[in-house]
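S.K.: Would you mind keeping the following structure in view while I ask a few things?
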Amino acid sequence: SFMISKFLFQKNNIFILFLLFFSIFINQHYGNRGVDPMDSFHFFDSGYRILNGEVPFIDYWLVKGVLMDYIQAIFFYIFGISWKSYVLHASLFNALLTISTFFVLKNFKLKTEFCFLYSLLFSILAYPSSGTPFIDHHSAFFSLLAIYSFLLAINNKKKLFWFLIPLCLFLGFLSKQVPAAYIIILISLVLIFYSFVQKKINYIKYFFSSSIFFLILILFFGKSQGITLSSFLEQHIFYPQSIGSERFNNLSFTYRGFIDHFKFIYLSIAPLFYFNIKKILTEKNYIKNNDFYVFVLLLALTISLIFHQLLTKNQTFIFFLIPILCAFSQISLGQNKLKFKKLITSFIILVCIFSTAKYHLRFNEHRKFHEMKNVNFNLTIDSKKIDKKFSGLNWISPGFAENPIDEINIINQIKSILKKDQRNKMVITNYSFLSAILDQKLHSPSRVYTGDGTTHPLKGNKYAIKYKELIDNVISKNNISVIYIMNTTNENINFHYVESYQYCSEEIFLLKELKSYELKNCNN
């Protein structure tokens with residue numbers, strides 16, 4: 001009892017406990033605030049499917065996020081299949097990153113109160129913008145943990161942190177190829193340069209031996225799951241490269257998109273940038289100083305994430321950089337002799353608080369990341385009307401913002417039709433939770449379906465043949481009798497692969513939003 005009281009009343013521990021509970025609570029809260037069906041449920045069915053013995057790359061085409069399917073399966077296994085345990089996946093990652101940020105800042109001798117403040121602001125801007133597990137967030141956050149490990153490695157000279165860098169990078173890459181790939185390249189270059197300048201090649205040895213170890217571990221795991229190297233390379237490496245090259249060719253830089261949109265990130269890193277550029281120009285052998293590498297790593301992280309946002313053109317999620325960059329700007333400021341140090345410190349803190357409030361309102365309260373900025377959240381409906389597994393979720397989506405009950409009625413109608421049909425079936429839908437709430441295998445060949453090729457190869461793509469082979473294999477080995485295609489009024493899934501089954505199927509319109517293809521002797 002005395003030991004517990006002593007632990008609880010230590011200032012550091014009080015701050016850590018508060019950050020832990022706050023970072024979980026805030027994400028749980030905003031994770032329940034409306035949905036964008038395709039993005040919000042991205043890993044719901046796939047986590048359930050893995051629990052029931054299905055394997056990515058074999059039972060469904062997977063362009064990105066394989067690690068997140070397995071992590072979600074673990075969460076469902078431990079906490080049960082529910083919306084709460086689904087959001088908890090993201091909430092615990094928010095907590096992990098928040099506590100890590102606090103410890104890293106403490107390691108760099110920032111006062112505890114400031115470590116707490118910046119970590120608290122980080123927790124507001126990190127995962128709550130999505131609220132639910134999201135591939136870009138996981139990839140960026142694992143990459144951030146790799147940067148943190150590098151910072152601690154050069155600050156403490158401990159082997160453990162060199163060992164952890166590749167682990168975090170591999171996990172980031174298996175969450176999504178980019179931005180992790182950009183950071184892998186830049187970290188590798190910084191590591192090589194740092195090792196040669198410091199004349200300590202052992203750091204490279206630790207990094208590469210750790211990389212080889214985790215690569216072998218991944219290969220063994222893939223083999224145990226029956227995943228061939230060729231299917232992994234085709235779906236997770238080569239096909240996404242074909243998408244990325246098209247986006248790179250269409251990349252454009254505008255003042256609004258490149259400068260104005262990220263102005264608070266630039267403002268946050270400005271003091272850190274100024275002090276380090278000044279020292280590079282005025283101090284001999286500054287490149288041997290650890291502070292130089294702290295600056296280079298944070299700059300590399302910032303450039304990588306901004307480039308990723310420009311290339312993907314998705315909603316912005318990288319404003320969590322602001323508290324980190326402000327914190328290290330303040331640390332850098334403390335290492336320099338200036339007249340108006342307190343005034344500049346106050347300015348840095350005010351920039352951080354103001355920008356956090358601004359983006360909290362935009363992305364957390366108004367849910368802009370999931371395209372809900374014009375949604376009236378007073379119209380939300382208890383999602384238990386769909387299934388008790390969704391307890392806690394306040395349902396409203398961008399496509400049915402004025403009448404969310406209409407969307408729920410459509411889902412329940414389709415749910416009823418699928419439940420009554422006991423045949424082996426394949427369901428093509430962007431509501432990727434039907435398998436979990438019906439407790440049925442619905443054999444969807446992709447997690448979700450977009451018209452731009454980011455989820456599966458489209459007609460004419462050189463990998464379309466491989467995708468069709470996967471579909472044929474799923475239909476054959478599971479004796480699929482019917483293919484359902486679900487479209488709501490706010491989307492139109494053009495799944496042209498059903499065309500190849502027209503000769504042996506009968507198209508039936510069951511609802512305005514649901515049609516089926518009855519397969520007859522398609523193996524002949």
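Every chain in the structure tokens has a letter given in the order shown (A, B, ...), and although residue numbers restart at 1 in each chain, ligands are simply numbered from 1 in the order shown.
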Contacts of Ser268 of chain A at 9 Å or less, counting only C-alpha atoms, minus same-chain residues fewer than 2 places along, as a PyMOL selection string?

M.R.: chain A and resi 263-266+270-272+321-327+329+348+351-352

S.K.: Could you pull the residues within 12 Å of Tyr359 of chain A, counting only C-alpha atoms, minus those fewer than 2 positions along the same chain, as a count of residues only?

M.R.: 33

S.K.: With only C-alpha atoms as the counted atoms, please give the residues lying no more than 10 Å from Ile71 of chain A, apart from itself and same-chain residues fewer than 6 positions off, as a ChimeraX atom specification.

M.R.: /A:43,47,50,77,89,133

S.K.: Only N, CA and C atoms, please: the residues just picked out, written as a PDB file, in the first residue's frame.

M.R.:
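result_32.pdb written:
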```pdb
ATOM      1  N   PHE A  43     -10.579  -2.767 -41.402  1.00  0.00           N
ATOM      2  CA  PHE A  43      -9.948  -3.987 -40.873  1.00  0.00           C
ATOM      3  C   PHE A  43     -10.891  -4.806 -39.996  1.00  0.00           C
ATOM      4  N   GLY A  47      -9.941  -8.712 -39.802  1.00  0.00           N
ATOM      5  CA  GLY A  47      -9.514  -9.249 -38.509  1.00  0.00           C
ATOM      6  C   GLY A  47     -10.317 -10.480 -38.132  1.00  0.00           C
ATOM      7  N   ILE A  50      -9.280 -13.570 -40.370  1.00  0.00           N
ATOM      8  CA  ILE A  50      -8.045 -14.227 -39.939  1.00  0.00           C
ATOM      9  C   ILE A  50      -8.315 -15.117 -38.726  1.00  0.00           C
ATOM     10  N   TYR A  77      -9.450 -11.437 -30.673  1.00  0.00           N
ATOM     11  CA  TYR A  77      -9.257 -12.674 -29.913  1.00  0.00           C
ATOM     12  C   TYR A  77      -9.241 -12.395 -28.404  1.00  0.00           C
ATOM     13  N   HIS A  89      -7.903  -0.789 -30.546  1.00  0.00           N
ATOM     14  CA  HIS A  89      -6.684  -1.019 -31.332  1.00  0.00           C
ATOM     15  C   HIS A  89      -5.996   0.321 -31.601  1.00  0.00           C
ATOM     16  N   PRO A 133      -8.501   2.107 -36.602  1.00  0.00           N
ATOM     17  CA  PRO A 133      -7.220   1.711 -37.211  1.00  0.00           C
ATOM     18  C   PRO A 133      -7.135   2.151 -38.678  1.00  0.00           C
TER      19      PRO A 133
END
```

S.K.: Restricting the calculation to only C-alpha atoms, which member of A:Ile14, A:Ile344, A:Leu442, A:Leu19 is positioned closest to Ile331 of chain A?

M.R.: A:Ile344

S.K.: Could you check the closest approach to Ser210 of chain A for each of A:Phe193, A:Leu164, A:Phe238, A:Asn285 and tell me which residue wins, using only C-alpha atoms?

M.R.: A:Leu164

S.K.: Which of these, A:Phe57, A:Ser500, A:Leu51, A:Val87, has the shortest distance to Phe232 of chain A once you count only C-alpha atoms?

M.R.: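 So, comparing all the options, the nearest one is A:Phe57.
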
S.K.: Quote the spacing between atom CA of Ile475 of chain A and atom CA of Leu511 of chain A in Å to one decimal place.

M.R.: 23.7 Å

S.K.: What is the distance, in Å and to one decimal place, between atom CA of Arg33 of chain A and atom CA of Ile386 of chain A?

M.R.: 16.0 Å
